[in-house]
Amino acid sequence: MVAALTNESATSKSVYFAHCTSEMIFITHLLAEEPEKLAGPLLSDTYVTLLKGRNAWYGQKLALGELSLDMGDSIKGKGVIQGVSAVKAFYELLSQCHISILHPDEKKPVAPVELCPILKTLYKILITREFQSQAILQALRDETMHDPRERIEIAQSHVFYRPSLLGSSEDGEYLY
């Protein structure tokens with residue numbers, strides 16, 4: 001979306017990538033006891049997913065009006081656009097009322113999703129359809145949003161791992 005809405009602005013795509021990866025690192029620290037570093041092949045996969053792969057293509061087509069959300073997330077010739085269901089799953093997981101972390105500025109408990117403004121915006125664009133694609137740019141311009149480095153520092157300096165976050169059934173299988 002960002003690429004289409006900014007005429008392929010390298011700066012805008014860079015800011016988007018920085019915020020998305022910082023949110024991914026934050027989420028990973030919630031879900032994994034010993035999270036893998038976002039480097040090497042994992043970083044390369046992340047780049048493709050966010051800026052060059054099917055998800056990026058889908059976002060660009062939505063932003064340009066060449067696709068509609070009503071068409072679904074299974075596109076002929078492209079397959080399933082997994083980013084849509086991933087946004088929904090992570091938003092719902094991180095919004096659960098029984099899970100909270102301390103907000104770094106407000107010093108009060110909040111749902112983890114409150115520290116993921118890009119995820120929240122994508123959810124409101126792709127899932128609830130409350131926002132149009134342009135909302136992603138507004139989210140990037142939000143001056144109250146934490147610097148991506150701060151979000152990474154928050155994740156790495158606190159013990160955020162929540163072993164029960166994914167939940168497990170009686171036989172040890174994960175519920176999500």
# chains A, B, ... in the order shown; residues from 1 in each chain; ligands from 1

call {"tool": "residues_around", "arguments": {"residues": "stretch 44-48 of chain A", "least_positions_apart": "4", "cutoff": "12 Å", "atoms": "only C-alpha atoms", "output": "short mmCIF file (atom, residue, chain, number, x, y, z; two decimals) with N, CA and C atoms, in the first residue's frame"}}
result
data_model
loop_
_atom_site.label_atom_id
_atom_site.label_comp_id
_atom_site.auth_asym_id
_atom_site.auth_seq_id
_atom_site.Cartn_x
_atom_site.Cartn_y
_atom_site.Cartn_z
N LYS A 13 8.78 3.78 2.10
CA LYS A 13 8.88 2.33 2.23
C LYS A 13 9.85 1.96 3.34
N SER A 14 10.90 2.72 3.50
CA SER A 14 11.88 2.47 4.56
C SER A 14 11.26 2.68 5.94
N TYR A 16 8.06 2.50 6.67
CA TYR A 16 7.10 1.42 6.85
C TYR A 16 7.81 0.13 7.27
N PHE A 17 8.88 -0.20 6.58
CA PHE A 17 9.64 -1.41 6.88
C PHE A 17 10.18 -1.36 8.32
N ALA A 18 10.70 -0.22 8.72
CA ALA A 18 11.24 -0.07 10.08
C ALA A 18 10.16 -0.29 11.13
N CYS A 20 7.21 -1.86 10.75
CA CYS A 20 6.70 -3.24 10.69
C CYS A 20 7.66 -4.21 11.36
N THR A 21 8.94 -4.08 11.05
CA THR A 21 9.90 -5.01 11.65
C THR A 21 9.99 -4.80 13.16
N SER A 22 9.88 -3.55 13.62
CA SER A 22 9.93 -3.34 15.07
C SER A 22 8.71 -3.96 15.75
N MET A 24 7.14 -6.59 14.57
CA MET A 24 7.37 -8.03 14.49
C MET A 24 8.31 -8.49 15.61
N ILE A 25 9.35 -7.73 15.86
CA ILE A 25 10.28 -8.07 16.94
C ILE A 25 9.56 -8.03 18.28
N LYS A 37 16.73 -13.85 16.09
CA LYS A 37 17.04 -12.48 15.68
C LYS A 37 16.54 -12.26 14.26
N LEU A 38 16.03 -11.07 14.01
CA LEU A 38 15.54 -10.72 12.69
C LEU A 38 16.75 -10.27 11.87
N ALA A 39 17.45 -11.26 11.32
CA ALA A 39 18.68 -11.00 10.56
C ALA A 39 18.83 -12.10 9.51
N GLY A 40 19.76 -11.89 8.59
CA GLY A 40 20.07 -12.90 7.59
C GLY A 40 18.87 -13.31 6.77
N LYS A 52 7.95 -6.75 -1.44
CA LYS A 52 8.06 -7.26 -2.81
C LYS A 52 7.22 -8.48 -3.13
N GLY A 53 6.71 -9.17 -2.16
CA GLY A 53 5.98 -10.42 -2.39
C GLY A 53 4.50 -10.23 -2.67
N ARG A 54 3.76 -11.33 -2.53
CA ARG A 54 2.31 -11.32 -2.77
C ARG A 54 1.57 -10.33 -1.89
N ASN A 55 1.99 -10.24 -0.62
CA ASN A 55 1.33 -9.32 0.29
C ASN A 55 1.51 -7.88 -0.17
N ALA A 56 2.72 -7.55 -0.58
CA ALA A 56 2.99 -6.19 -1.07
C ALA A 56 2.21 -5.93 -2.36
N TRP A 57 2.20 -6.90 -3.25
CA TRP A 57 1.44 -6.77 -4.50
C TRP A 57 -0.03 -6.52 -4.20
N GLY A 83 -1.06 -12.49 4.30
CA GLY A 83 -0.96 -11.34 5.19
C GLY A 83 -2.30 -10.94 5.79
#

call {"tool": "select_by_dssp", "arguments": {"residues": "stretch 68-139 of chain A", "states": "strand (DSSP E)", "output": "PyMOL selection string"}}
result
chain A and resi 74-75+79-80+101-102+109-110

call {"tool": "atom_distance", "arguments": {"atom1": "atom CA of A:Pro104", "atom2": "atom CA of A:Ile154"}}
result
7.9 Å

call {"tool": "atom_distance", "arguments": {"atom1": "atom CA of A:Asp142", "atom2": "atom CA of A:Ile118"}}
result
10.6 Å

call {"tool": "select_by_dssp", "arguments": {"residues": "stretch 11-157 of chain A", "states": "alpha helix (DSSP H)", "output": "compact mmCIF listing (two decimals) with C-alpha atoms, in the first residue's frame"}}
result
# COMPACT_ATOMS: atom_id res chain seq x y z
CA THR A 11 11.86 6.93 2.26
CA SER A 12 8.22 6.01 2.90
CA LYS A 13 8.88 2.33 2.23
CA SER A 14 11.88 2.47 4.56
CA VAL A 15 9.83 4.03 7.37
CA TYR A 16 7.10 1.42 6.85
CA PHE A 17 9.64 -1.41 6.88
CA ALA A 18 11.24 -0.07 10.08
CA HIS A 19 7.91 0.16 11.89
CA CYS A 20 6.70 -3.24 10.69
CA THR A 21 9.90 -5.01 11.65
CA SER A 22 9.93 -3.34 15.07
CA GLU A 23 6.38 -4.55 15.65
CA MET A 24 7.37 -8.03 14.49
CA ILE A 25 10.28 -8.07 16.94
CA PHE A 26 7.98 -6.88 19.72
CA ILE A 27 5.42 -9.60 18.92
CA THR A 28 8.13 -12.25 18.67
CA HIS A 29 9.35 -11.36 22.15
CA LEU A 30 5.80 -11.92 23.43
CA LEU A 31 5.43 -15.30 21.76
CA GLY A 40 20.07 -12.90 7.59
CA PRO A 41 17.57 -15.12 5.75
CA LEU A 42 14.76 -14.21 8.14
CA LEU A 43 15.26 -10.50 7.43
CA SER A 44 15.37 -11.25 3.69
CA ASP A 45 12.06 -13.13 3.91
CA THR A 46 10.58 -10.24 5.87
CA TYR A 47 11.69 -7.76 3.21
CA ARG A 54 2.31 -11.32 -2.77
CA ASN A 55 1.33 -9.32 0.29
CA ALA A 56 2.99 -6.19 -1.07
CA TRP A 57 1.44 -6.77 -4.50
CA TYR A 58 -1.99 -7.17 -2.91
CA GLY A 59 -1.58 -3.99 -0.86
CA GLN A 60 -0.51 -2.03 -3.93
CA LYS A 61 -3.47 -3.27 -5.95
CA LEU A 62 -5.87 -2.40 -3.11
CA ALA A 63 -4.38 1.08 -2.77
CA LEU A 64 -4.61 1.68 -6.52
CA GLN A 82 -1.54 -14.81 3.77
CA GLY A 83 -0.96 -11.34 5.19
CA VAL A 84 -4.71 -10.73 5.54
CA SER A 85 -5.31 -13.73 7.81
CA ALA A 86 -2.04 -13.05 9.66
CA VAL A 87 -3.15 -9.49 10.44
CA LYS A 88 -6.47 -10.80 11.74
CA ALA A 89 -4.91 -13.58 13.85
CA PHE A 90 -2.20 -11.42 15.43
CA TYR A 91 -4.57 -8.53 16.11
CA GLU A 92 -7.06 -10.82 17.82
CA LEU A 93 -4.35 -12.63 19.78
CA LEU A 94 -2.74 -9.41 21.01
CA PRO A 117 -0.01 0.89 15.52
CA ILE A 118 0.75 -0.53 12.06
CA LEU A 119 -0.94 -3.83 12.94
CA LYS A 120 -3.93 -1.93 14.34
CA THR A 121 -4.22 0.19 11.20
CA LEU A 122 -3.89 -2.78 8.85
CA TYR A 123 -6.62 -4.56 10.83
CA LYS A 124 -8.92 -1.57 10.40
CA ILE A 125 -8.15 -1.45 6.67
CA LEU A 126 -8.20 -5.15 5.81
CA ALA A 135 -4.83 5.40 6.69
CA ILE A 136 -1.55 3.50 6.63
CA LEU A 137 0.24 6.72 5.67
CA GLN A 138 -1.45 8.59 8.49
CA ALA A 139 -0.29 5.90 10.91
CA LEU A 140 3.28 6.38 9.70
CA ARG A 141 2.99 10.15 10.17
CA PRO A 148 10.85 1.82 15.92
CA ARG A 149 14.13 1.60 17.86
CA GLU A 150 12.25 2.35 21.08
CA ARG A 151 9.79 -0.48 20.45
CA ILE A 152 12.68 -2.88 19.88
CA GLU A 153 14.40 -1.65 23.05
CA ILE A 154 11.17 -2.11 25.01
CA ALA A 155 10.83 -5.67 23.74
CA GLN A 156 14.46 -6.57 24.38
CA SER A 157 14.84 -4.91 27.77

call {"tool": "closest_residue", "arguments": {"among": "A:Gly65, A:Glu36, A:Ala111, A:Leu50", "to": "A:Ile81", "atoms": "only C-alpha atoms"}}
result
A:Leu50
